[in-house]
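Worksheet: one structure, shown below.
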Amino acid sequence: MLVVEKENRMRYWFYNDNNFIVVTDESIYVGKTKKYIKSELISGFEKGDILEGVFSIPFSYIKSIENPEESSTITVFYGGNSEEEIIINNKEVKSQIFLYLREKLSEFSYSKEKPKVIKFVKPQIFSILFSTGIFLWIFYLAREIEKGYQYEIVGGRQGLSGLVLGLAQFGTIKVLLGYFLVLSIAIIALTRKLKKRTLTEFLIR
């Protein structure tokens, strides 16, 4: 692990053996040393230069940054709905990086708390609701087919409707079993996600 800060107001870290992060006055740069010659990277950093092609996130694009205490990740949310998850196995380096970002982004509001449950598990809840909606559709068609009704897809492209009708052919019992299997997987994922909910530092624009 190597940390250097020069008069050019650039600071950089090498971590996880082959990763690096650079913070300038305007952007965050994230990359892997295996794509470059490390000595050239260091030489450039010391001069205040960064090689072309290194992924960057300008400060002006950043909406928020999250730093969970019990996790090895720092997540940068930027642009529309984009995010960059930076995995840093060394807690000391992770803390140094976040503190430096906090200094650089002094106009961002800082807070430290546990994320709200709804926001934290939103993708898992959406998955459960979506699966339930699709199940109800399939189950309804399966019951109607068992009653003797026949359905067909009109048009050249079947899409989701064709998939739903195809699954309905398996009958209500198999549809129920399939739904409970999918629901169980979603609930397990939700439970695991909740266990990862920990005290988190936030920088929010």
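Naming works like this for the structure tokens: A, B, ... for the chains as they're shown, residue 1 at the start of each chain, ligands 1 onward in shown order.
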
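Residues with any atom within 7 Å of stretch 134-140 of chain A, counting only C-alpha atoms and excluding same-chain neighbours fewer than 3 positions away, are A:Phe130, A:Ser131, A:Arg143, A:Glu144, A:Val164, A:Leu165, A:Leu167, A:Ala168, A:Thr172, A:Val175, A:Tyr179.
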
TODO: Any chance you could list, as number ranges by chain, the residues in stretch 72-200 of chain A that come up helix (DSSP H, G or I) when DSSP is run on the backbone?
DONE: A: 91-104, 117-120, 122-146, 159-168, 172-195

Task: A:Val76 surroundings by only C-alpha atoms, 9 Å radius, close-in-sequence under 6 positions cut, as a list in words - done: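 Surrounding residues, per the criterion: Ile57, Ile62, Lys63, Ser64, Ile65, Glu66, Ser82, Glu83, Glu84, Glu85 and Ile86 of chain A.
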
Taking N, CA, C and O atoms for each residue, export the selection above as a PDB file, in the first residue's frame.
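Listing of part18.pdb after writing:
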```
ATOM      1  N   ILE A  57     -14.751  10.107 -12.349  1.00  0.00           N
ATOM      2  CA  ILE A  57     -16.051  10.667 -11.987  1.00  0.00           C
ATOM      3  C   ILE A  57     -15.809  12.105 -11.543  1.00  0.00           C
ATOM      4  O   ILE A  57     -15.269  12.343 -10.461  1.00  0.00           O
ATOM      5  N   ILE A  62     -21.191  13.993  -9.081  1.00  0.00           N
ATOM      6  CA  ILE A  62     -21.469  13.185  -7.896  1.00  0.00           C
ATOM      7  C   ILE A  62     -22.695  13.695  -7.152  1.00  0.00           C
ATOM      8  O   ILE A  62     -22.822  14.889  -6.872  1.00  0.00           O
ATOM      9  N   LYS A  63     -23.613  12.776  -6.825  1.00  0.00           N
ATOM     10  CA  LYS A  63     -24.801  13.117  -6.053  1.00  0.00           C
ATOM     11  C   LYS A  63     -24.618  12.767  -4.580  1.00  0.00           C
ATOM     12  O   LYS A  63     -25.052  13.506  -3.707  1.00  0.00           O
ATOM     13  N   SER A  64     -23.966  11.627  -4.321  1.00  0.00           N
ATOM     14  CA  SER A  64     -23.739  11.220  -2.936  1.00  0.00           C
ATOM     15  C   SER A  64     -22.676  10.129  -2.873  1.00  0.00           C
ATOM     16  O   SER A  64     -22.361   9.499  -3.888  1.00  0.00           O
ATOM     17  N   ILE A  65     -22.131   9.937  -1.681  1.00  0.00           N
ATOM     18  CA  ILE A  65     -21.145   8.880  -1.429  1.00  0.00           C
ATOM     19  C   ILE A  65     -21.523   8.186  -0.123  1.00  0.00           C
ATOM     20  O   ILE A  65     -21.868   8.853   0.856  1.00  0.00           O
ATOM     21  N   GLU A  66     -21.461   6.855  -0.122  1.00  0.00           N
ATOM     22  CA  GLU A  66     -21.803   6.086   1.074  1.00  0.00           C
ATOM     23  C   GLU A  66     -20.620   5.246   1.507  1.00  0.00           C
ATOM     24  O   GLU A  66     -19.956   4.618   0.677  1.00  0.00           O
ATOM     25  N   SER A  82     -26.455   6.192 -12.032  1.00  0.00           N
ATOM     26  CA  SER A  82     -25.210   5.423 -12.077  1.00  0.00           C
ATOM     27  C   SER A  82     -24.562   5.354 -10.701  1.00  0.00           C
ATOM     28  O   SER A  82     -24.760   6.230  -9.857  1.00  0.00           O
ATOM     29  N   GLU A  83     -23.791   4.308 -10.486  1.00  0.00           N
ATOM     30  CA  GLU A  83     -23.043   4.178  -9.236  1.00  0.00           C
ATOM     31  C   GLU A  83     -21.755   3.403  -9.481  1.00  0.00           C
ATOM     32  O   GLU A  83     -21.687   2.557 -10.376  1.00  0.00           O
ATOM     33  N   GLU A  84     -20.742   3.709  -8.710  1.00  0.00           N
ATOM     34  CA  GLU A  84     -19.458   3.022  -8.784  1.00  0.00           C
ATOM     35  C   GLU A  84     -19.130   2.488  -7.393  1.00  0.00           C
ATOM     36  O   GLU A  84     -18.996   3.251  -6.434  1.00  0.00           O
ATOM     37  N   GLU A  85     -19.057   1.164  -7.288  1.00  0.00           N
ATOM     38  CA  GLU A  85     -18.741   0.529  -6.011  1.00  0.00           C
ATOM     39  C   GLU A  85     -17.241   0.240  -5.961  1.00  0.00           C
ATOM     40  O   GLU A  85     -16.730  -0.546  -6.754  1.00  0.00           O
ATOM     41  N   ILE A  86     -16.557   0.887  -5.040  1.00  0.00           N
ATOM     42  CA  ILE A  86     -15.111   0.716  -4.904  1.00  0.00           C
ATOM     43  C   ILE A  86     -14.849  -0.220  -3.726  1.00  0.00           C
ATOM     44  O   ILE A  86     -15.156   0.106  -2.577  1.00  0.00           O
TER      45      ILE A  86
END
```

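Distance annotation: of A:Pro123, A:Pro115, A:Pro58, A:Gly159, the residue with the minimal separation from A:Leu199 is A:Pro115; atom set is only C-alpha atoms.
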
Task: Residue set, stretch 77-200 of chain A restricted to strand (DSSP E or B), as a PyMOL selection string - done: chain A and resi 77-78+82-87+109-113+200

Open item on the list: Just the number, please: distance in Å from atom CA of A:Phe55 to atom CA of A:Gly31, one decimal.
Closed with: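 That distance, rounded to one decimal, is 6.4 Å.
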